[in-house]
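What follows is a single structure, written as structure tokens, with notes after it.
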Amino acid sequence: MKKIIFISLILGVVILGFLNKDKIANFLDKDIMLKPELIQVSSPKINEIISSPLEITGQARGYWYFEASFPIQLVDENNQVIATAIAQAQSDWMTEDFVPFKATLNFSGTAGKKGVLVLKKDNPSGLSENDNQIRIPVIIQTSETMEVKVYFNNSDLDPEFSCNKVFPVLRIIPKTRAIARAALEELLKGATAEEQRQGFLTSLNPNVKIQKLTIEKGIAEVDFDDQLEFQVGGSCRVSAIRAQIAETLKQFPTVQEVVISINGRTEDILQP
């Protein structure tokens, strides 16, 4: 009889463990917390080696968002925040179905260091009972990095929108000798979701390509493809585009003047 009771208890524990395997996994490894019924991350994977900038993608239920976004943190082994980002819904979030999201996280740190990505349910109420999150352990791989500035208009810092008045934001990029081109590439990515929340906005079209960049005797000559002026009109927007490009390049002491061209043309481009 005792043997039967013992075997029954063992079977019960096994069945309970199977039904609660996610909870047991959370208990055994505090850094893993997955809730696939609410949010699913496509990239990065658990224990993946990550580097900056990191693109985070996946899908979450519409109620995980608030105003089409939710916060993400990268924390260290002591739960200290290394970097933050805002995930942005890629389609209508006013639904209970899964909605794809994307975020870009810039960070610096020590190579080989363990970290955890924390994807938090946006909780505008501030009430703890409405909090929710998942945790994905990662390994941070960092090379030497450097900071560059990219320039945008800002509706908060310049409410009257002075067109050619632009303001810098810092971006962390892998160290490179082609720093001016790297800064322009960052500019062409546009403002991040977090920067947009701070009032930054770009007048540049998406998907603009740099065809050539040279710097000689203090003059930076940069040639773009047709996308730079596609459906661009109005003197204000043209001024803003020129200001964004020029100020991003003039942050470097080797650049005093900027010449912009499209497919080699300089005279008949970016017309008001």
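Labeling convention for the structure tokens: chains A, B, ... as they appear, residues from 1 per chain, ligands from 1 in order of appearance.
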Taking a cut-off of 10 Å and counting only C-alpha atoms, can you build a table that, for each residue of region 117-159 of chain A near region 217-241 of chain A, reports the nearest atom pair and how far apart they are in Å (one decimal), sorted by chain then residue number, as CSV?
residue,atom,partner,partner_atom,distance
A:Tyr151,CA,A:Ile241,CA,10.0
A:Phe152,CA,A:Ala240,CA,8.3
A:Asn153,CA,A:Ala240,CA,7.4
Shell of 10 Å around Asp158 (chain A), only C-alpha atoms, local chain residues under 4 positions omitted, as a PyMOL selection string: chain A and resi 153-154+162-163+165-167+199-200
File of the preceding selection, C-alpha atoms, as a CSV table (one decimal), in the first residue's frame:
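See again-v1.csv below for the written result:
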chain,number,residue,atom,x,y,z
A,153,ASN,CA,14.5,69.2,-35.8
A,154,ASN,CA,12.7,69.2,-32.5
A,162,SER,CA,12.6,77.4,-37.5
A,163,CYS,CA,13.3,75.0,-40.4
A,165,LYS,CA,17.3,75.0,-36.6
A,166,VAL,CA,18.5,71.5,-35.7
A,167,PHE,CA,19.5,69.8,-32.5
A,199,GLY,CA,10.3,65.8,-29.8
A,200,PHE,CA,12.9,65.0,-32.4
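CA of Phe107 (chain A) is positioned 27.6 Å from CA of Gly62 (chain A).
Between Tyr63 (chain A) and the candidates A:Asn123, A:Asn47, A:Gln244, A:Gln40, the tightest atom-to-atom separation, counting only C-alpha atoms, involves A:Asn123.
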As a count of residues only, please: the residues near Glu96 (chain A) (cut-off 10 Å, only C-alpha atoms, same-chain neighbours under 3 positions excluded). 8
DSSP on the backbone, strand (DSSP E) only: what residues of region 32-235 of chain A does that give? Format it as an NGL selection string. :A and (39-43 or 49-50 or 54-61 or 69-76 or 81-89 or 98-105 or 113-120 or 133-140 or 145-154 or 167-174 or 200-201 or 210-216 or 219-224)
Pick out each residue of region 14-254 of chain A that DSSP on the backbone tags as alpha helix (DSSP H); I need them as number ranges by chain. A: 14-19, 21-28, 179-188, 193-197, 235-250
Could you save the residues just selected, with C-alpha atoms, as a CSV table (one decimal), in the first residue's frame?
chain,number,residue,atom,x,y,z
A,14,VAL,CA,5.9,14.5,-12.7
A,15,ILE,CA,2.5,15.5,-14.1
A,16,LEU,CA,2.4,18.7,-12.1
A,17,GLY,CA,6.0,19.5,-13.3
A,18,PHE,CA,5.0,18.9,-16.9
A,19,LEU,CA,2.0,21.2,-16.6
A,21,LYS,CA,7.4,23.5,-16.7
A,22,ASP,CA,7.6,27.2,-17.5
A,23,LYS,CA,7.2,28.1,-13.8
A,24,ILE,CA,9.8,25.5,-12.8
A,25,ALA,CA,12.2,26.8,-15.4
A,26,ASN,CA,11.7,30.3,-14.0
A,27,PHE,CA,12.5,29.0,-10.5
A,28,LEU,CA,15.6,27.2,-11.7
A,179,ILE,CA,33.3,58.2,-38.9
A,180,ALA,CA,31.7,61.0,-41.0
A,181,ARG,CA,30.0,58.4,-43.2
A,182,ALA,CA,28.9,56.4,-40.2
A,183,ALA,CA,27.4,59.6,-38.7
A,184,LEU,CA,25.4,60.2,-41.9
A,185,GLU,CA,24.2,56.6,-41.9
A,186,GLU,CA,22.9,57.1,-38.4
A,187,LEU,CA,21.2,60.3,-39.5
A,188,LEU,CA,19.5,58.5,-42.4
A,193,ALA,CA,11.0,56.0,-31.0
A,194,GLU,CA,12.5,57.3,-27.8
A,195,GLU,CA,13.9,60.4,-29.6
A,196,GLN,CA,10.5,61.0,-31.2
A,197,ARG,CA,9.0,61.0,-27.7
A,235,SER,CA,11.4,75.9,-48.7
A,236,CYS,CA,11.1,75.0,-45.0
A,237,ARG,CA,11.6,71.3,-45.6
A,238,VAL,CA,14.4,71.8,-48.0
A,239,SER,CA,16.2,74.1,-45.5
A,240,ALA,CA,15.7,71.5,-42.8
A,241,ILE,CA,17.1,68.7,-44.9
A,242,ARG,CA,20.2,70.7,-45.8
A,243,ALA,CA,20.7,71.7,-42.1
A,244,GLN,CA,20.4,68.2,-40.8
A,245,ILE,CA,23.1,66.9,-43.3
A,246,ALA,CA,25.4,69.9,-42.9
A,247,GLU,CA,25.4,70.1,-39.1
A,248,THR,CA,25.9,66.3,-38.8
A,249,LEU,CA,29.0,66.6,-41.0
A,250,LYS,CA,30.3,69.9,-39.4
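For the choices A:Glu48, A:Asp122, A:Glu144, A:Glu257, the atom-to-atom distance to Ile72 (chain A) is smallest for A:Asp122 when using only C-alpha atoms.
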